[in-house]
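Peer 1: Let me give you the structure first, and then I'll get to my questions.
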Amino acid sequence: MSIEYINLAYLAAAVLFILGLKGLTNPRTAVRGNLMGSAAMLIAIIATLLDKRIVSFEIIVAGLVLGALVGVILAYRVPMTGMPQLIAIFNGFGGGASALAVGAALEEALKGGFVEGIDVQFTLAAAIAGLIGGLSFLGSAIAFGKLQGIMGDKPILLPGRHVINAILAIACVGLSAWLVIDPSTSLPFWLLVGTASLLGLMLVIPIGGADMPVVIALLNAYSGLAAAGHGWVLNNSVLIIAGSLVGAAGFILTALMSKAMNRSLANVMFAGVGAAVADAADSDKMYAGRVKSASPDEVAMLMDGARRVVIAPGYGMAVAQAQHAVQELTMLLESRGVEVEFAIHPVAGRMPGHMNVLLAEADVSYDKLKDMDEINPTFRQTDVVLVIGANDVVNPMARSADPSVPIAGMPILNVDDAQSVVIVKRSLSPGFAGIPNPLFAADNTLMLFGDARAMAAALVTALREG
Amino acid sequence: MEVFVGALTIFLLALFVGFEIITKVPPLLHTPLMSGANAISGITLVGTLVTSGQQLTTFTTILGLVAVAMATANVVGGFLVTHRMLGMFHRSD
């Protein structure tokens, strides 16, 4: 097929990618949008396979079969609670593939392969793709390790890490310059990929669990930019367009997540938040004699008499796999005429939208899942708020203007506006930010101590028997 | 230079289109947006296909094989898992 027709097919694919992403703006059209995206990809792949420059297909077929197998198995075997890890690993695959493929293109160009000539656009884009690809590959691998629990969830703060990072970053710039100035060898490229991978590792290990939504979104943006860089190397428009669309998506999510924590991206990346240990004396003073504990029977009675109940879930619900028990509780309350809605904080969980996916899996219909801006004004008309496995996102200390409070200024769910608040939690231990939560000691708060799933099930039993 | 400016034009315009569309995605769908966008970033597969179909040296052949496999896993897995996730979202009737 001549190059004009291939480019026309690429144009069709690019348009379909854009329409597909547009479909994702509404849950009614989202499935169709995703299908359009897959169709676009298929068109782009088929058009490419018709390229005359491809001389043999064994390797391609082997790679396609192997990759498809891995993809299908991962996509169907991973439970919804494992979604953050899965997205991290796919990000890593995308970034890694860009880096390796650009490396292969460079090697071939040096051997007089199909690429017309090695000019500045080629080497500069190769440097960018190698840098971002390597960084997102190992960075994603580390994020995967943390989310999967292979590595600790806590930030790892190496001494002198800022200096090490600066040296690695300068080395990356230097190696890129070497590649652009002297494109006669591929050595600087591979050194660059290695250095960038190390930088990716260094950038992700100091990030604690609750900051993961920002990092996952950022790595997503990087994998898109690496693809766009790959497109510059090959002068391929569909790669550039698709890559920048993904880059835009990643950067928007990154900005939204940082904003939802009232922190700058630099603060999330470099401040090592979450390593602090709570001052026990502080929390003792705050909690002493004020914390009221309740039994499942008492809470069930409280909810049975309510007109409106709001459930505020957090990462603890995912850890305890409590979403199905929570849905059962929701159904039971609704069958007794109680209005039930869910309050979803943007950074609840380990990735953007984590709670929505978990609850959708448990069959909670999506019109009950309300985001923070929508639900906050309704807490005044709410009888009972059930906080399950969330802590910092409902901590009223966020309203403090004191900059020594790590979450100062972070927008929170105003659950303390409700008549009563029930908090399901194992103990009074602090959340990720390492600070005590005055909500636990508030007059209208009851603590329901225990595992999230066990307690949700206990509430269901108590309601049925009561 | 001419080629460079053309590529830059495409890149910037696509970024703008991306920003305009994606700011309209509701928080409800942020996870499927991420996994779907992630699958699209597997477009790098298209580039790997061209390079790995050349088989100039053993080294580039191996690089090509690994790159094709990784990108395919990204594409296939990403679209499938997004489909699976979106299938779970439903309204109350």
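By order in the structure tokens, chains are A, B, ...; within a chain, residues start at 1; ligands start at 1, following the order shown.
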Would you mind listing, as a ChimeraX atom specification, all residues of chain A that have at least one atom within 6 Å of chain B, where only C-alpha atoms are what counts?
Peer 2: /A:22,25,45,54-56,59,63-64,66-68,70-72,75,90,93-94,97-98,100-101,104-105,224,227,240-241,243-246,248-249,352-353,356,360-361,365-367
Peer 1: Go ahead and save the picked residues with N, CA and C atoms, as a compact mmCIF listing (two decimals), in the first residue's frame.
Peer 2:
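New file out.txt:
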```txt
# COMPACT_ATOMS: atom_id res chain seq x y z
N LYS A 22 -13.79 11.22 23.64
CA LYS A 22 -14.97 12.05 23.87
C LYS A 22 -16.10 11.19 24.45
N THR A 25 -16.58 10.85 28.24
CA THR A 25 -17.05 11.95 29.07
C THR A 25 -18.43 11.66 29.67
N ILE A 45 -2.87 -0.44 13.18
CA ILE A 45 -1.97 -1.60 13.12
C ILE A 45 -2.03 -2.25 11.74
N ILE A 54 8.34 -3.45 5.68
CA ILE A 54 8.39 -4.62 6.55
C ILE A 54 8.74 -5.83 5.70
N VAL A 55 9.91 -6.43 5.99
CA VAL A 55 10.36 -7.52 5.13
C VAL A 55 9.99 -8.89 5.69
N SER A 56 9.84 -9.00 6.99
CA SER A 56 9.50 -10.33 7.51
C SER A 56 8.51 -10.20 8.66
N ILE A 59 8.87 -12.26 13.54
CA ILE A 59 9.08 -11.59 14.82
C ILE A 59 7.82 -10.83 15.23
N GLY A 63 5.72 -11.53 18.56
CA GLY A 63 5.53 -10.48 19.56
C GLY A 63 4.06 -10.19 19.80
N LEU A 64 3.29 -10.14 18.71
CA LEU A 64 1.86 -9.84 18.85
C LEU A 64 1.16 -10.93 19.67
N LEU A 66 2.46 -13.17 21.78
CA LEU A 66 2.95 -13.17 23.16
C LEU A 66 2.32 -12.03 23.96
N GLY A 67 2.37 -10.82 23.38
CA GLY A 67 1.83 -9.66 24.07
C GLY A 67 0.33 -9.77 24.29
N ALA A 68 -0.39 -10.23 23.27
CA ALA A 68 -1.84 -10.34 23.38
C ALA A 68 -2.21 -11.31 24.49
N VAL A 70 -0.43 -12.12 27.18
CA VAL A 70 -0.17 -11.49 28.48
C VAL A 70 -1.28 -10.48 28.79
N GLY A 71 -1.64 -9.67 27.79
CA GLY A 71 -2.66 -8.65 28.00
C GLY A 71 -4.00 -9.24 28.38
N VAL A 72 -4.42 -10.28 27.66
CA VAL A 72 -5.73 -10.88 27.94
C VAL A 72 -5.75 -11.48 29.34
N ALA A 75 -5.80 -8.72 31.95
CA ALA A 75 -7.05 -7.95 31.96
C ALA A 75 -8.19 -8.73 32.59
N PHE A 90 0.85 -1.60 33.07
CA PHE A 90 0.61 -1.28 31.65
C PHE A 90 1.35 0.01 31.26
N PHE A 93 4.84 -0.93 30.62
CA PHE A 93 4.98 -1.60 29.32
C PHE A 93 5.04 -0.57 28.19
N GLY A 94 4.11 0.39 28.22
CA GLY A 94 4.06 1.40 27.16
C GLY A 94 5.35 2.20 27.09
N ALA A 97 8.31 -0.03 26.01
CA ALA A 97 8.24 -0.36 24.58
C ALA A 97 8.72 0.82 23.75
N SER A 98 8.32 2.04 24.11
CA SER A 98 8.78 3.22 23.36
C SER A 98 10.30 3.32 23.39
N LEU A 100 12.61 0.99 23.99
CA LEU A 100 13.29 -0.08 23.25
C LEU A 100 13.13 0.10 21.74
N ALA A 101 11.90 0.48 21.31
CA ALA A 101 11.66 0.60 19.88
C ALA A 101 12.47 1.74 19.29
N ALA A 104 15.89 0.51 18.89
CA ALA A 104 16.01 -0.35 17.71
C ALA A 104 16.05 0.50 16.45
N ALA A 105 15.22 1.55 16.38
CA ALA A 105 15.21 2.43 15.21
C ALA A 105 16.56 3.11 15.04
N GLY A 224 2.46 8.50 27.54
CA GLY A 224 1.94 9.16 26.34
C GLY A 224 3.02 9.99 25.65
N ALA A 227 5.43 7.95 23.74
CA ALA A 227 4.88 7.53 22.45
C ALA A 227 4.95 8.67 21.44
N ILE A 240 2.20 10.67 17.12
CA ILE A 240 2.28 11.99 17.77
C ILE A 240 0.91 12.37 18.35
N ILE A 241 -0.14 12.18 17.55
CA ILE A 241 -1.48 12.60 18.01
C ILE A 241 -1.92 11.76 19.21
N GLY A 243 -0.17 9.95 21.23
CA GLY A 243 0.71 10.18 22.37
C GLY A 243 0.38 11.47 23.09
N SER A 244 0.12 12.55 22.33
CA SER A 244 -0.17 13.80 23.04
C SER A 244 -1.55 13.79 23.68
N LEU A 245 -2.51 13.06 23.11
CA LEU A 245 -3.82 12.92 23.77
C LEU A 245 -3.64 12.27 25.14
N VAL A 246 -2.86 11.20 25.18
CA VAL A 246 -2.63 10.50 26.44
C VAL A 246 -1.85 11.39 27.41
N ALA A 248 -1.97 14.61 27.55
CA ALA A 248 -2.92 15.59 28.08
C ALA A 248 -3.78 14.96 29.17
N ALA A 249 -4.28 13.75 28.93
CA ALA A 249 -5.11 13.07 29.92
C ALA A 249 -4.35 12.90 31.23
N PRO A 352 -6.85 7.69 40.64
CA PRO A 352 -8.04 8.51 40.38
C PRO A 352 -9.25 7.62 40.10
N GLY A 353 -10.37 7.87 40.79
CA GLY A 353 -11.59 7.11 40.52
C GLY A 353 -11.65 5.72 41.12
N ASN A 356 -14.97 4.59 42.83
CA ASN A 356 -16.09 4.41 41.89
C ASN A 356 -16.04 3.03 41.25
N ALA A 360 -18.79 0.17 41.74
CA ALA A 360 -19.49 -0.29 40.54
C ALA A 360 -19.38 -1.80 40.43
N GLU A 361 -18.21 -2.34 40.77
CA GLU A 361 -18.03 -3.79 40.74
C GLU A 361 -19.01 -4.47 41.69
N SER A 365 -25.24 1.37 41.88
CA SER A 365 -25.46 2.09 40.63
C SER A 365 -24.78 3.45 40.69
N TYR A 366 -24.28 3.91 39.53
CA TYR A 366 -23.37 5.04 39.56
C TYR A 366 -24.04 6.37 39.88
N ASP A 367 -25.36 6.45 39.75
CA ASP A 367 -25.99 7.73 40.09
C ASP A 367 -25.98 7.99 41.60
```
Peer 1: List the spatial neighbours of region 375-382 of chain A as a PyMOL selection string - criterion: any atom at most 8 Å away, only C-alpha atoms, same-chain residues fewer than 2 positions off excluded.
Peer 2: chain A and resi 307-310+343+370-373+384-385+413-419
Peer 1: Quick one: pull the distance between CA of Thr330 (chain A) and CA of Leu459 (chain A), Å, one decimal.
Peer 2: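 Distance reported for this atom pair: 10.5 Å.
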Peer 1: With only C-alpha atoms as the counted atoms, please give the residues lying no more than 12 Å from Leu192 (chain A), apart from itself and same-chain residues fewer than 3 positions off, as an mmCIF file with N, CA and C atoms, in the first residue's frame.
Peer 2:
```cif
data_model
loop_
_atom_site.group_PDB
_atom_site.id
_atom_site.type_symbol
_atom_site.label_atom_id
_atom_site.label_comp_id
_atom_site.auth_asym_id
_atom_site.auth_seq_id
_atom_site.Cartn_x
_atom_site.Cartn_y
_atom_site.Cartn_z
ATOM 1 N N ALA A 99 10.869 3.167 24.587
ATOM 2 C CA ALA A 99 12.315 3.315 24.723
ATOM 3 C C ALA A 99 13.039 2.264 23.882
ATOM 4 N N LEU A 100 12.613 0.993 23.987
ATOM 5 C CA LEU A 100 13.288 -0.078 23.246
ATOM 6 C C LEU A 100 13.127 0.101 21.742
ATOM 7 N N GLY A 103 15.288 2.746 20.467
ATOM 8 C CA GLY A 103 16.640 2.213 20.441
ATOM 9 C C GLY A 103 16.866 1.364 19.200
ATOM 10 N N ALA A 126 14.660 10.923 19.838
ATOM 11 C CA ALA A 126 15.118 9.645 20.396
ATOM 12 C C ALA A 126 15.535 9.850 21.849
ATOM 13 N N ALA A 127 16.239 10.949 22.112
ATOM 14 C CA ALA A 127 16.667 11.230 23.491
ATOM 15 C C ALA A 127 15.442 11.398 24.391
ATOM 16 N N ILE A 128 14.444 12.148 23.903
ATOM 17 C CA ILE A 128 13.254 12.385 24.726
ATOM 18 C C ILE A 128 12.514 11.068 25.005
ATOM 19 N N ALA A 129 12.328 10.270 23.945
ATOM 20 C CA ALA A 129 11.605 9.010 24.115
ATOM 21 C C ALA A 129 12.382 8.054 25.016
ATOM 22 N N GLY A 130 13.705 8.019 24.855
ATOM 23 C CA GLY A 130 14.523 7.141 25.691
ATOM 24 C C GLY A 130 14.467 7.581 27.150
ATOM 25 N N LEU A 131 14.561 8.881 27.357
ATOM 26 C CA LEU A 131 14.534 9.433 28.713
ATOM 27 C C LEU A 131 13.192 9.156 29.394
ATOM 28 N N ILE A 132 12.110 9.575 28.748
ATOM 29 C CA ILE A 132 10.795 9.429 29.383
ATOM 30 C C ILE A 132 10.386 7.967 29.446
ATOM 31 N N GLY A 133 10.715 7.219 28.397
ATOM 32 C CA GLY A 133 10.357 5.798 28.374
ATOM 33 C C GLY A 133 11.050 5.037 29.494
ATOM 34 N N GLY A 134 12.359 5.248 29.639
ATOM 35 C CA GLY A 134 13.101 4.564 30.690
ATOM 36 C C GLY A 134 12.584 4.949 32.062
ATOM 37 N N LEU A 135 12.363 6.238 32.240
ATOM 38 C CA LEU A 135 11.873 6.755 33.524
ATOM 39 C C LEU A 135 10.516 6.140 33.864
ATOM 40 N N LEU A 168 21.583 12.718 38.591
ATOM 41 C CA LEU A 168 21.001 11.854 37.556
ATOM 42 C C LEU A 168 20.348 12.697 36.453
ATOM 43 N N ALA A 169 19.644 13.756 36.867
ATOM 44 C CA ALA A 169 18.967 14.598 35.874
ATOM 45 C C ALA A 169 19.980 15.292 34.975
ATOM 46 N N ILE A 170 21.070 15.793 35.597
ATOM 47 C CA ILE A 170 22.104 16.467 34.801
ATOM 48 C C ILE A 170 22.750 15.459 33.849
ATOM 49 N N ALA A 171 22.993 14.236 34.353
ATOM 50 C CA ALA A 171 23.581 13.193 33.504
ATOM 51 C C ALA A 171 22.673 12.922 32.314
ATOM 52 N N CYS A 172 21.346 12.890 32.539
ATOM 53 C CA CYS A 172 20.394 12.652 31.447
ATOM 54 C C CYS A 172 20.504 13.743 30.387
ATOM 55 N N VAL A 173 20.576 14.996 30.846
ATOM 56 C CA VAL A 173 20.689 16.108 29.897
ATOM 57 C C VAL A 173 22.001 15.994 29.120
ATOM 58 N N GLY A 174 23.081 15.679 29.842
ATOM 59 C CA GLY A 174 24.390 15.551 29.204
ATOM 60 C C GLY A 174 24.402 14.459 28.146
ATOM 61 N N LEU A 175 23.839 13.285 28.492
ATOM 62 C CA LEU A 175 23.815 12.168 27.553
ATOM 63 C C LEU A 175 22.953 12.505 26.332
ATOM 64 N N SER A 176 21.837 13.231 26.567
ATOM 65 C CA SER A 176 20.993 13.642 25.446
ATOM 66 C C SER A 176 21.791 14.540 24.502
ATOM 67 N N ALA A 177 22.537 15.487 25.097
ATOM 68 C CA ALA A 177 23.336 16.409 24.293
ATOM 69 C C ALA A 177 24.376 15.638 23.476
ATOM 70 N N TRP A 178 25.010 14.650 24.121
ATOM 71 C CA TRP A 178 26.002 13.820 23.434
ATOM 72 C C TRP A 178 25.353 13.127 22.228
ATOM 73 N N LEU A 179 24.182 12.585 22.430
ATOM 74 C CA LEU A 179 23.500 11.874 21.349
ATOM 75 C C LEU A 179 23.179 12.816 20.184
ATOM 76 N N SER A 186 25.354 4.490 19.244
ATOM 77 C CA SER A 186 24.135 4.398 20.045
ATOM 78 C C SER A 186 24.449 4.353 21.537
ATOM 79 N N LEU A 187 25.747 4.390 21.879
ATOM 80 C CA LEU A 187 26.143 4.274 23.286
ATOM 81 C C LEU A 187 25.446 5.300 24.190
ATOM 82 N N PRO A 188 25.483 6.619 23.827
ATOM 83 C CA PRO A 188 24.813 7.575 24.725
ATOM 84 C C PRO A 188 23.342 7.261 24.912
ATOM 85 N N PHE A 189 22.693 6.723 23.880
ATOM 86 C CA PHE A 189 21.263 6.417 24.006
ATOM 87 C C PHE A 189 21.013 5.383 25.090
ATOM 88 N N THR A 195 20.246 5.541 32.848
ATOM 89 C CA THR A 195 20.241 6.630 33.828
ATOM 90 C C THR A 195 18.810 7.082 34.120
ATOM 91 N N ALA A 196 18.008 7.191 33.049
ATOM 92 C CA ALA A 196 16.625 7.638 33.232
ATOM 93 C C ALA A 196 15.842 6.619 34.053
ATOM 94 N N SER A 197 16.114 5.321 33.855
ATOM 95 C CA SER A 197 15.432 4.297 34.643
ATOM 96 C C SER A 197 15.755 4.476 36.121
ATOM 97 N N LEU A 198 17.067 4.715 36.405
ATOM 98 C CA LEU A 198 17.471 4.946 37.793
ATOM 99 C C LEU A 198 16.740 6.153 38.376
ATOM 100 N N LEU A 199 16.614 7.205 37.547
ATOM 101 C CA LEU A 199 15.918 8.403 37.998
ATOM 102 C C LEU A 199 14.454 8.073 38.297
#
```
Peer 1: List every residue of region 238-341 of chain A that DSSP, applied to the backbone of this structure, places in strand (DSSP E), and write the result as a list in words.
Peer 2: Arg308, Val309, Val310, Ile311, Ala312, Pro313, Glu339, Val340 and Glu341 of chain A
Peer 1: So how many Å separate CA of Leu329 (chain A) and CA of Gly466 (chain A), to one decimal?
Peer 2: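 Rounded to one decimal, the two atoms are 13.8 Å apart.
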Peer 1: Determine the nearest neighbour of Asn262 (chain A) from the options A:Val347, A:Val31, A:Ile18, A:Met80, counting only C-alpha atoms.
Peer 2: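 Ranking A:Val347, A:Val31, A:Ile18, A:Met80 by distance to Asn262 (chain A), first place goes to A:Val347.
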Peer 1: Could you pull out the residues in region 224-351 of chain A that DSSP calls alpha helix (DSSP H) from the backbone, as JSON, numbers by chain?
Peer 2: {"A": [224, 225, 226, 227, 228, 229, 230, 231, 232, 233, 234, 237, 238, 239, 240, 241, 242, 243, 244, 245, 246, 247, 248, 249, 250, 251, 252, 253, 254, 255, 256, 257, 258, 259, 265, 266, 267, 268, 269, 270, 280, 281, 282, 283, 284, 285, 286, 287, 296, 297, 298, 299, 300, 301, 302, 303, 304, 315, 316, 317, 318, 319, 323, 324, 325, 326, 327, 328, 329, 330, 331, 332, 333, 334, 335]}
Peer 1: CA of Gly82 (chain A) and CA of Gly23 (chain A), how far apart in Å?
Peer 2: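 About the pair CA of Gly23 (chain A) and CA of Gly82 (chain A): they are 25.0 Å apart.
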Peer 1: As a ChimeraX atom specification, please: the residues near Ile216 (chain A) (cut-off 9 Å, only C-alpha atoms, same-chain neighbours under 4 positions excluded).
Peer 2: /A:84,87-88,91,140,143,212,220-221,250,254,350-352 /B:34
